[in-house]
There are 2 protein chains.
Amino acid sequence: MSKLLRNVRFLISLMALAGGIATAADHAADVDPRIGTGGDGHTFPGATVPFGMIQLSPDTAMPDFKHGYKWAAGYQYGDSSILGFSHTHFSGSGHSDLGDVLVMPLAGAVKLDPGDAAVPGSGYRSRFSHASEVVQAGYYAVTLADSGVRAELTAGRRIGWHRYTFPAGQPAHLLLDLRPSIYDYPGKVLWSNLRVRTDGSVTGCRLTNGWAPGRTLCFAMRFSQPMTSRTLYDRDTDAPYKGFKGPGHQSEDHDAQDGRALEGVFDFGTLSKPLVVKVAISTVSEAGALANLDADGAGWDFDARRQQAHRAWSDALADVDVDAPAVARTQFYTALYHALLSPTLSMDVNGQYRGPDHQVHTAKGFDFYSTWSLWDVYRAQQPLMVLLHPDKSTDFVRSLLAARAASPFGILPVWAYGGLETWCMIGYHAVPVIADAYLKGVRGFDANEALQAMVASASYGPYGDLADYMKLGYVPIDREPEGASKTLEYAYDDWTIAQMATAMGKRDVAATFGKRAGNWRNAWDAKTGYMRARLANGAFREPFDPAVAGYGSDYTEGNAFQYSWYVPQDVPGLIEAMGGKKQFVDKLDGVFDAKVDPAHFKHVEDITGLIGWYAHGNEPSHHLAYLYDYAGAPEKTQQRLKQIMDSQYAARPDGLAGNDDLGQMSAWYVFTALGFYPVTPASDVYAIGRPFVAKAVLHLAGDKTFTITAAPFDALHPYVGEITLNGQPLTTPFLHHRDLIDGGELHFRMIAAPAGAATQASLAR
Amino acid sequence: MSKLLRNVRFLISLMALAGGIATAADHAADVDPRIGTGGDGHTFPGATVPFGMIQLSPDTAMPDFKHGYKWAAGYQYGDSSILGFSHTHFSGSGHSDLGDVLVMPLAGAVKLDPGDAAVPGSGYRSRFSHASEVVQAGYYAVTLADSGVRAELTAGRRIGWHRYTFPAGQPAHLLLDLRPSIYDYPGKVLWSNLRVRTDGSVTGCRLTNGWAPGRTLCFAMRFSQPMTSRTLYDRDTDAPYKGFKGPGHQSEDHDAQDGRALEGVFDFGTLSKPLVVKVAISTVSEAGALANLDADGAGWDFDARRQQAHRAWSDALADVDVDAPAVARTQFYTALYHALLSPTLSMDVNGQYRGPDHQVHTAKGFDFYSTWSLWDVYRAQQPLMVLLHPDKSTDFVRSLLAARAASPFGILPVWAYGGLETWCMIGYHAVPVIADAYLKGVRGFDANEALQAMVASASYGPYGDLADYMKLGYVPIDREPEGASKTLEYAYDDWTIAQMATAMGKRDVAATFGKRAGNWRNAWDAKTGYMRARLANGAFREPFDPAVAGYGSDYTEGNAFQYSWYVPQDVPGLIEAMGGKKQFVDKLDGVFDAKVDPAHFKHVEDITGLIGWYAHGNEPSHHLAYLYDYAGAPEKTQQRLKQIMDSQYAARPDGLAGNDDLGQMSAWYVFTALGFYPVTPASDVYAIGRPFVAKAVLHLAGDKTFTITAAPFDALHPYVGEITLNGQPLTTPFLHHRDLIDGGELHFRMIAAPAGAATQASLAR
């Protein structure tokens, strides 16, 4: 879409917003952020903008470690009380942290502890009703039943905006609690500062020992109306040696405090109009947070900020126009919304950011992003960004390279946030993210530096036993856990290095990593027909049970039924290894059609969304349905996709079958709804499934338009009879990236039943 | 002394050093840093330069909290084993912290824990003999008996230099232990990082919860010979939730670690020449420490660095030439050395420093110094700097103002180090430091800003109950501890504000604070004849016992006998209140001549150096001997000074009667040896005692020379018969600052016995 068109579209959206009417073009109005906030979706309902630094959202968890997994985003739809509103959240992660700078408005009496959710009124925690919630892209509102305060939240890139309407005649307070975190436990706050400046700004930092150890998070907060009084508290009663605590040796009521259990209560008296609060954060310093607030947070017009956030979403979602009924539109645009949440900006207005070495660096010529759930997002979420937002991909790649430059190990991020590293999950999947971007034409970064970073990450011996992998061609299970998964994923990552090296004319690198790409064969056990882990002596580990999953097994969050399909770089090779197309298809059917008791995986919380052994709730299964395409059975791909779309997604809070994983689960939905999927990122090939919308128009870079249509599009025609690209029938169910970005039209002729064997064979050739 | 002369002098010193001969001019050779390292002097023997950021010194304390007070500088002369060498130490403090970046060379076997001092060989701690020590200004050497390693240390302004000679044929290791601190206790290290960079540099930071809570200290370390291997350890076995610990999920042997119990062992194989290690520190960041190392630490010439440190001391000490026998020279120049150790540089080469708000600031046009023991050093150490180093005083005042600008409370430092605040001790004695400098002609700072900072510090209600003091004219003991001391010291500080305001023509400020200067009268109880604390209702607190001292009493580290003399701003007023000169002198004699059991003060560790109730080991007594001057009894001043000099100072490790308190105890010695003392900083008056050297030449700013002579100078002539200034007899025992800085000659005609009453009366008029 041209800039002009886009602006016209935006004006229409704005007019629609102003008039309270959603038009088809204002896709932000189709987003329902409640999707995924129940069950195990782990999304948050609060306010944010695309790739924003702020995720301002209500937290319902109790601040303790027991309220872990299901509260990874701080909020569970089934809860009935709110702890407060905090400024940082992961969207859909399987592990968690954050929940920084928690605030809670209080009317009348002040309570300093959250209290017990089971005992209403026992603390500052308040009951709420979903009926009082308004949950929109970039806006969240709720009425806190215990105090009667109406709370509204919106967000800019670096600033969270709050508007609190207090009940008439009640003294208004704002509580700031620097103690709680998401995934909390005693001792998590290592140190914190809190300060009221002479101009009434409140600033502070805290250092937490969480998922990323030793994480600094600073903030700056201002209020639209003057404080009448304020008290700062140090609630620490367990300091072995506190020393002097400030003027007067008191533990409260100063202009500043530092310690491990700080709170502030800011009093505003009886207010005649709502209190607006704006909060900027920084991973660097209070000065950074203040500068962010100064640069991006002028004035007190909450409604204008809400409109800005809405506009940011309307703009970002305008890249795809989908014609579909309301519910399908909600599902599609909410999925796209979820796919546009990470990585998140992690840089102050002056370019400073915190790196994995915990030091402060300065970005020159790009924006530094972090929150990288790379084991997940390399599969479809990042390829979706390459397709829809290649300009953003440039910054993402530069951010990965900058993080590597600041890495004490000289390697690319694995699971990073706030610039820091957690080392969560396996593989070196920043590598396929970069290779996919490069091979699909994303530029604006130093390709030589990138290739060097990729090779370094694939060659750093201490990481995930790469030392043995490089020597033996596989990761021995007697030296490193989950050896089968690691061998398979390393081999794929290696292949993507070879692809990029080839494109760059670096033959040596291409040869080395092209060879390593074949290491998947070292995990293949022809006798049992599964991928397995070997011992250092070369033998497969015994005993072997393909159903055994999770830690201690050969696999990472999976079992042999799920992981034996992981050769995205050489599906024909895998088909051959498995004995040919028929055996391959039968075996794949066996995975989907198995009778499996979900309790089998109750010890592996991430394995959810079961269809037989297929687990849509976790990433190792995500490409499986598309593998039929490679074995001459595209009608089975089409059938399985419908089965998955029908059973694993819904426009409900519990409408995600598993963790959204920073948009990967949602990006799978977006691609699949459009009719194709990047089974092998860093190749230019998409496997074609079938669309789940009658028409979709992609507005791509360079004002190119790619249109996907399907007809007849109804429940009676679930299969694909013929696919034409720009009017020419496709002979195989695959599409090339070039076909998309040049613009054009892809048409699916839908049919009621699988076409005859002849047609299928032709499509699969 | 002119720059030319000074350089000539330096060349002579250098030649003397090279030839191993100390000439009278090379005063650095007269320094014995062992003085004060035994008993309660709390000085350190290691290497440093004037006002340097680095104090590289051996630590003998066990790393636990039991080894507190007597080990405030890390080292006690009576100990027989060394824990290691660390880079930061206070000189003579009564409370403590620091001991950062502890390293220990190991030959052969590596031990990771210090072990028990009582069980030699139980850890990396090593026995040593004083016979193997060389302790000089800027240089320290010792042989570690357990390993046979010869250790040598020297220092630059920001860099510690180590040279380790390992026994032949033994594998050489350097252990870095980031766990221990001076004044240690479990949980003191909040967080730390440690990293080996690709160029072999080792960098890191640690955050400690010590005297200044939440203190960041970073370092960068390089070695003259390449490591053959290295292992980084996280020794933490008690982390409630450690998360992933880096590549491979191991807890050792990576390129980087973060955690709360880090160690590094760096291996160098069998070395054929000594290993030189250089270490820079920064309160800001690893990058800051690296930049400091790059800027100030080129090459590996340890001997050249040792010469540089020696030269720095020769230069700094050349401001006073004293003719005295060797022992007296050692005492004098060691005292001057101790007086030139603080405040310490606390700024990186790029001007960045950490402020009391824990944030990073940048100094423009001055060097930022911290380590401010202000309750002590305002008395004589800072006035000595104003006299000898007025250029440095400019930076000191600017540093105080910069700290105030970054203070969350908007007030000047109280007891600060590393830029942070501890709130230790009482009063706002940065105020007299600034006033003394200004009134004695120090310029180069913004006097208006300074006065504003002084007024703000004297008006901040929450600090030390200034709120009540401003309302009632005294600090009520039922609302705030140690009310009598606070009332007295506030009143003096207030007087110094009035003095400076008068000089600046600010009549309002002068009037307000001139009035407050009289508040000492609110502590004066004419009935008992002592300064006492009142209750908020105006009555003195009962019961009252003038001997009761310390916390819970009316006084700060003192009792009524000691504190009732604290009216430096109005000694005539105090004499009048006490009933006239005779009563005053009798009462003062009563203090010195009382029979006091030192066990009386065993609960107040700072009160030492007793002569009757007079406690030379603590600052509230420091002006007492000079008060006789004001009451017409200068011969008693002369007598008491000899009594104090003879009994409280010696050229031995236990030669300081109490904590040197960052040079205050030593500055008292320097002034007293020269024959005068600043009883009232921020006035231009010095009280004259008697010299303890036959001749002293002060080389002052503007190439002015002030010469002090005494004759006949021997034990038989301890009293002053006549004092002439530039040949003119003085009629009172007082000297003006202007007399000194204009240059001239002060001659004391010494006599055997106090002159007749007529002479005395004339001197005292």
# chains A, B, ... in the order shown; residues from 1 in each chain; ligands from 1
>>> select_by_dssp(residues="region 442-652 of chain B", states="helix (DSSP H, G or I)", output="ChimeraX atom specification")
/B:447-457,463-472,483-504,507-522,560-563,571-577,581-593,598-601,619-621,624-631,634-648
>>> residues_around(residues="Lys440 (chain A)", least_positions_apart="3", cutoff="10 Å", atoms="only C-alpha atoms", output="PyMOL selection string")
chain A and resi 383+386-387+390+434-437+443+681-684+736-738+741
>>> write_last_selection(atoms="C-alpha atoms", output="mmCIF file, in the first residue's frame")
data_model
loop_
_atom_site.group_PDB
_atom_site.id
_atom_site.type_symbol
_atom_site.label_atom_id
_atom_site.label_comp_id
_atom_site.auth_asym_id
_atom_site.auth_seq_id
_atom_site.Cartn_x
_atom_site.Cartn_y
_atom_site.Cartn_z
ATOM 1 C CA PRO A 383 9.786 -15.019 8.614
ATOM 2 C CA VAL A 386 10.632 -10.523 6.798
ATOM 3 C CA LEU A 387 7.588 -10.769 4.541
ATOM 4 C CA PRO A 390 11.458 -6.140 6.023
ATOM 5 C CA ILE A 434 19.543 -13.794 10.056
ATOM 6 C CA ALA A 435 19.942 -16.251 7.166
ATOM 7 C CA ASP A 436 16.222 -16.108 6.374
ATOM 8 C CA ALA A 437 16.308 -12.319 6.321
ATOM 9 C CA ARG A 443 19.735 -5.649 3.778
ATOM 10 C CA PRO A 681 13.266 -20.605 6.932
ATOM 11 C CA ALA A 682 16.401 -19.546 5.061
ATOM 12 C CA SER A 683 15.055 -21.213 1.958
ATOM 13 C CA ASP A 684 12.782 -19.142 -0.270
ATOM 14 C CA HIS A 736 8.641 -18.969 -3.657
ATOM 15 C CA HIS A 737 9.307 -15.801 -1.695
ATOM 16 C CA ARG A 738 10.035 -13.987 -4.951
ATOM 17 C CA ILE A 741 7.186 -9.928 -3.088
#
>>> atom_distance(atom1="CA of Gly36 (chain A)", atom2="CA of Gln648 (chain A)")
11.3 Å
>>> residues_around(residues="Ser229 (chain B)", least_positions_apart="5", cutoff="10 Å", atoms="only C-alpha atoms", output="list in words")
His173, Asp253, Val265, Phe266, Asp267, Phe268 and Gly269 of chain B
>>> residues_around(residues="region 196-208 of chain B", least_positions_apart="5", cutoff="8 Å", atoms="only C-alpha atoms", output="compact mmCIF listing (two decimals) with all heavy atoms, in the first residue's frame")
# COMPACT_ATOMS: atom_id res chain seq x y z
N PRO A 408 29.80 -11.64 26.22
CA PRO A 408 31.08 -12.10 26.77
C PRO A 408 31.57 -13.36 26.07
O PRO A 408 32.75 -13.69 26.15
CB PRO A 408 30.75 -12.40 28.23
CG PRO A 408 29.48 -11.70 28.52
CD PRO A 408 28.74 -11.63 27.22
N LEU B 178 36.09 -12.38 44.26
CA LEU B 178 35.16 -11.24 44.31
C LEU B 178 34.20 -11.35 45.50
O LEU B 178 33.29 -10.55 45.62
CB LEU B 178 34.36 -11.14 43.01
CG LEU B 178 35.10 -10.59 41.81
CD1 LEU B 178 34.14 -10.40 40.63
CD2 LEU B 178 35.75 -9.24 42.14
N LYS B 188 26.58 -9.76 51.74
CA LYS B 188 27.06 -8.41 51.45
C LYS B 188 27.21 -8.18 49.95
O LYS B 188 26.92 -7.08 49.47
CB LYS B 188 28.40 -8.16 52.16
CG LYS B 188 28.88 -6.73 51.97
CD LYS B 188 29.98 -6.35 52.91
CE LYS B 188 30.49 -4.96 52.59
NZ LYS B 188 31.63 -4.57 53.41
N VAL B 189 27.65 -9.22 49.22
CA VAL B 189 27.72 -9.07 47.76
C VAL B 189 26.32 -9.31 47.20
O VAL B 189 25.79 -10.41 47.28
CB VAL B 189 28.72 -10.07 47.13
CG1 VAL B 189 28.68 -9.95 45.60
CG2 VAL B 189 30.13 -9.80 47.64
N LEU B 190 25.73 -8.27 46.64
CA LEU B 190 24.38 -8.39 46.08
C LEU B 190 24.44 -9.02 44.69
O LEU B 190 23.61 -9.82 44.32
CB LEU B 190 23.74 -7.00 45.98
CG LEU B 190 23.44 -6.32 47.31
CD1 LEU B 190 23.10 -4.86 47.09
CD2 LEU B 190 22.31 -7.03 48.05
N TRP B 191 25.43 -8.62 43.91
CA TRP B 191 25.56 -9.16 42.57
C TRP B 191 26.97 -8.87 42.05
O TRP B 191 27.58 -7.87 42.44
CB TRP B 191 24.52 -8.58 41.61
CG TRP B 191 24.35 -9.46 40.43
CD1 TRP B 191 24.74 -9.25 39.15
CD2 TRP B 191 23.75 -10.76 40.46
NE1 TRP B 191 24.42 -10.34 38.38
CE2 TRP B 191 23.82 -11.27 39.14
CE3 TRP B 191 23.17 -11.55 41.47
CZ2 TRP B 191 23.33 -12.54 38.81
CZ3 TRP B 191 22.69 -12.80 41.13
CH2 TRP B 191 22.76 -13.28 39.83
N PRO B 213 25.13 1.60 51.04
CA PRO B 213 24.37 0.49 50.46
C PRO B 213 24.31 0.61 48.94
O PRO B 213 24.28 1.71 48.39
CB PRO B 213 22.97 0.67 51.06
CG PRO B 213 23.10 1.67 52.17
CD PRO B 213 24.29 2.51 51.83
N GLY B 214 24.31 -0.56 48.27
CA GLY B 214 24.14 -0.57 46.82
C GLY B 214 25.30 0.09 46.10
O GLY B 214 25.10 0.87 45.18
N ARG B 215 26.53 -0.28 46.46
CA ARG B 215 27.72 0.34 45.86
C ARG B 215 28.24 -0.52 44.71
O ARG B 215 28.48 -1.70 44.86
CB ARG B 215 28.81 0.50 46.92
CG ARG B 215 30.10 1.14 46.38
CD ARG B 215 31.09 1.40 47.50
NE ARG B 215 31.57 0.16 48.08
CZ ARG B 215 32.70 -0.45 47.71
NH1 ARG B 215 33.46 0.06 46.77
NH2 ARG B 215 33.06 -1.57 48.27
N THR B 216 28.43 0.11 43.56
CA THR B 216 28.99 -0.55 42.38
C THR B 216 30.49 -0.28 42.33
O THR B 216 30.92 0.86 42.47
CB THR B 216 28.35 0.03 41.10
OG1 THR B 216 26.94 -0.25 41.14
CG2 THR B 216 28.95 -0.60 39.86
N LEU B 217 31.28 -1.33 42.13
CA LEU B 217 32.72 -1.16 41.94
C LEU B 217 33.14 -2.07 40.80
O LEU B 217 32.96 -3.29 40.87
CB LEU B 217 33.47 -1.51 43.23
CG LEU B 217 34.94 -1.11 43.39
CD1 LEU B 217 35.87 -1.97 42.52
CD2 LEU B 217 35.19 0.37 43.08
N CYS B 218 33.67 -1.49 39.74
CA CYS B 218 34.10 -2.27 38.58
C CYS B 218 35.62 -2.22 38.46
O CYS B 218 36.28 -1.36 39.05
CB CYS B 218 33.47 -1.70 37.30
SG CYS B 218 31.67 -1.66 37.39
N PHE B 219 36.16 -3.15 37.70
CA PHE B 219 37.61 -3.20 37.54
C PHE B 219 37.97 -3.76 36.18
O PHE B 219 37.15 -4.38 35.50
CB PHE B 219 38.24 -4.07 38.65
CG PHE B 219 37.91 -5.52 38.48
CD1 PHE B 219 38.76 -6.37 37.77
CD2 PHE B 219 36.74 -6.05 38.99
CE1 PHE B 219 38.44 -7.71 37.58
CE2 PHE B 219 36.41 -7.37 38.81
CZ PHE B 219 37.26 -8.21 38.10
N ALA B 220 39.22 -3.51 35.80
CA ALA B 220 39.78 -4.12 34.59
C ALA B 220 41.22 -4.49 34.92
O ALA B 220 41.95 -3.70 35.52
CB ALA B 220 39.74 -3.14 33.42
N MET B 221 41.61 -5.68 34.54
CA MET B 221 42.88 -6.26 34.97
C MET B 221 43.60 -6.84 33.76
O MET B 221 42.97 -7.48 32.92
CB MET B 221 42.53 -7.39 35.96
CG MET B 221 43.69 -8.17 36.54
SD MET B 221 43.06 -9.52 37.62
CE MET B 221 42.38 -8.61 38.99
N ARG B 222 44.91 -6.57 33.68
CA ARG B 222 45.69 -7.20 32.59
C ARG B 222 46.98 -7.78 33.16
O ARG B 222 47.46 -7.35 34.20
CB ARG B 222 46.02 -6.18 31.50
CG ARG B 222 44.81 -5.73 30.72
CD ARG B 222 45.17 -5.08 29.39
NE ARG B 222 43.96 -4.61 28.74
CZ ARG B 222 43.66 -3.32 28.51
NH1 ARG B 222 44.52 -2.37 28.86
NH2 ARG B 222 42.53 -2.98 27.93
N PHE B 223 47.53 -8.75 32.43
CA PHE B 223 48.70 -9.49 32.88
C PHE B 223 49.83 -9.30 31.87
O PHE B 223 49.59 -9.25 30.66
CB PHE B 223 48.38 -10.98 33.00
CG PHE B 223 47.14 -11.25 33.80
CD1 PHE B 223 45.93 -11.52 33.16
CD2 PHE B 223 47.16 -11.21 35.18
CE1 PHE B 223 44.77 -11.76 33.89
CE2 PHE B 223 46.02 -11.44 35.93
CZ PHE B 223 44.82 -11.71 35.28
N PRO B 226 50.96 -14.13 28.98
CA PRO B 226 49.66 -14.70 28.63
C PRO B 226 49.22 -15.81 29.58
O PRO B 226 50.05 -16.59 30.06
CB PRO B 226 49.89 -15.26 27.21
CG PRO B 226 51.36 -15.47 27.12
CD PRO B 226 52.01 -14.44 27.99
N MET B 227 47.92 -15.84 29.84
CA MET B 227 47.36 -16.98 30.57
C MET B 227 47.51 -18.24 29.73
O MET B 227 47.33 -18.20 28.52
CB MET B 227 45.85 -16.79 30.75
CG MET B 227 45.43 -15.81 31.77
SD MET B 227 43.61 -15.83 31.82
CE MET B 227 43.28 -14.10 31.51
N ASP B 255 33.74 -18.06 29.81
CA ASP B 255 34.37 -16.77 29.58
C ASP B 255 33.78 -15.68 30.45
O ASP B 255 34.33 -14.60 30.56
CB ASP B 255 34.23 -16.39 28.10
CG ASP B 255 34.99 -17.36 27.22
OD1 ASP B 255 36.10 -17.75 27.61
OD2 ASP B 255 34.46 -17.74 26.17
N ALA B 256 32.63 -15.96 31.03
CA ALA B 256 31.98 -14.95 31.87
C ALA B 256 31.06 -15.63 32.86
O ALA B 256 30.54 -16.72 32.59
CB ALA B 256 31.18 -13.96 31.01
N SER B 285 31.64 1.67 35.49
CA SER B 285 31.42 0.54 34.59
C SER B 285 32.73 -0.15 34.27
O SER B 285 33.81 0.39 34.48
CB SER B 285 30.77 1.01 33.29
OG SER B 285 31.68 1.86 32.58
N GLU B 286 32.62 -1.35 33.70
CA GLU B 286 33.80 -2.05 33.19
C GLU B 286 34.46 -1.23 32.09
O GLU B 286 35.70 -1.17 32.00
CB GLU B 286 33.42 -3.43 32.65
CG GLU B 286 32.99 -4.40 33.74
CD GLU B 286 32.41 -5.69 33.16
OE1 GLU B 286 32.94 -6.21 32.16
OE2 GLU B 286 31.43 -6.19 33.74
N LEU B 290 38.28 -0.09 31.99
CA LEU B 290 39.16 -0.38 30.85
C LEU B 290 39.75 0.92 30.29
O LEU B 290 40.95 0.97 29.97
CB LEU B 290 38.37 -1.09 29.74
CG LEU B 290 38.20 -2.61 29.92
CD1 LEU B 290 37.17 -3.15 28.94
CD2 LEU B 290 39.54 -3.33 29.75
>>> residues_around(residues="Met750 (chain B)", least_positions_apart="6", cutoff="7 Å", atoms="only C-alpha atoms", output="list in words")
Ala710, Ala711, Pro712, Phe713, His717, Pro718, Tyr719, Val720 and Gly721 of chain B
>>> residues_around(residues="region 409-424 of chain B", least_positions_apart="6", cutoff="7 Å", atoms="only C-alpha atoms", output="ChimeraX atom specification")
/A:244,246-247,255 /B:211-212,283,346,354-356,358,370-374,400-401,403,430,453,456-457
>>> write_last_selection(atoms="N, CA and C atoms", output="tab-separated table (two decimals), in the first residue's frame")
chain	number	residue	atom	x	y	z
A	244	PHE	N	23.22	2.89	58.08
A	244	PHE	CA	22.35	4.06	58.19
A	244	PHE	C	21.41	4.11	56.99
A	246	GLY	N	19.60	6.86	55.91
A	246	GLY	CA	19.27	8.18	55.38
A	246	GLY	C	19.09	9.17	56.51
A	247	PRO	N	18.84	10.40	56.16
A	247	PRO	CA	18.72	11.45	57.17
A	247	PRO	C	17.78	11.02	58.29
A	255	ASP	N	12.97	11.71	51.00
A	255	ASP	CA	12.90	12.01	49.59
A	255	ASP	C	13.49	10.88	48.75
B	211	TRP	N	28.55	-0.30	53.97
B	211	TRP	CA	28.36	0.95	54.69
B	211	TRP	C	27.59	1.93	53.81
B	212	ALA	N	28.03	2.06	52.57
B	212	ALA	CA	27.21	2.75	51.57
B	212	ALA	C	26.43	1.65	50.85
B	283	THR	N	33.97	3.40	39.53
B	283	THR	CA	32.68	3.29	40.21
B	283	THR	C	31.53	3.26	39.21
B	346	SER	N	37.50	9.84	42.57
B	346	SER	CA	36.40	8.90	42.37
B	346	SER	C	35.76	9.19	41.02
B	354	ARG	N	30.08	8.21	39.93
B	354	ARG	CA	28.81	7.80	40.53
B	354	ARG	C	28.48	8.80	41.63
B	355	GLY	N	27.25	9.28	41.65
B	355	GLY	CA	26.84	10.25	42.66
B	355	GLY	C	26.00	9.62	43.75
B	356	PRO	N	25.62	10.41	44.76
B	356	PRO	CA	24.85	9.87	45.88
B	356	PRO	C	23.46	9.38	45.47
B	358	HIS	N	23.20	7.34	43.13
B	358	HIS	CA	23.59	6.08	42.50
B	358	HIS	C	23.65	6.19	40.98
B	370	SER	N	35.87	11.75	46.33
B	370	SER	CA	34.95	11.31	47.38
B	370	SER	C	35.81	10.81	48.54
B	371	THR	N	35.26	9.95	49.41
B	371	THR	CA	35.87	9.56	50.70
B	371	THR	C	35.98	10.80	51.59
B	372	TRP	N	34.85	11.17	52.12
B	372	TRP	CA	34.73	12.37	52.94
B	372	TRP	C	34.33	11.98	54.36
B	373	SER	N	35.29	11.99	55.26
B	373	SER	CA	35.00	11.73	56.67
B	373	SER	C	34.84	13.10	57.33
B	374	LEU	N	33.75	13.78	56.99
B	374	LEU	CA	33.68	15.22	57.22
B	374	LEU	C	33.66	15.62	58.69
B	400	LEU	N	32.32	18.55	46.47
B	400	LEU	CA	31.23	18.60	47.45
B	400	LEU	C	29.97	19.18	46.81
B	401	LEU	N	30.15	20.22	46.02
B	401	LEU	CA	28.98	20.85	45.37
B	401	LEU	C	28.37	19.91	44.33
B	403	ALA	N	28.44	16.67	44.44
B	403	ALA	CA	27.73	15.63	45.19
B	403	ALA	C	26.39	16.15	45.67
B	430	ALA	N	30.47	19.58	55.82
B	430	ALA	CA	30.95	20.06	54.52
B	430	ALA	C	30.88	21.59	54.50
B	453	ALA	N	24.04	25.77	48.72
B	453	ALA	CA	24.17	24.38	49.16
B	453	ALA	C	24.34	24.31	50.67
B	456	ALA	N	20.98	25.10	52.26
B	456	ALA	CA	20.08	23.96	52.07
B	456	ALA	C	20.42	22.84	53.04
B	457	SER	N	21.71	22.59	53.22
B	457	SER	CA	22.13	21.50	54.10
B	457	SER	C	21.79	21.80	55.55
>>> residues_around(residues="region 474-479 of chain A", least_positions_apart="4", cutoff="8 Å", atoms="only C-alpha atoms", output="ChimeraX atom specification")
/A:465-466,468-470,483-484,486-487,519,522-523,533-536,541,554
>>> select_by_dssp(residues="region 207-338 of chain B", states="strand (DSSP E)", output="VMD selection string")
chain B and resid 207 to 208 215 to 223 229 to 234 256 to 259 262 to 270 275 to 282 320 to 323
>>> atom_distance(atom1="CA of Asn209 (chain B)", atom2="CA of Glu263 (chain B)")
18.7 Å
>>> closest_residue(among="A:Leu98, A:Ala141, A:Ala498, A:Ala687", to="Arg179 (chain A)", atoms="only C-alpha atoms")
A:Leu98
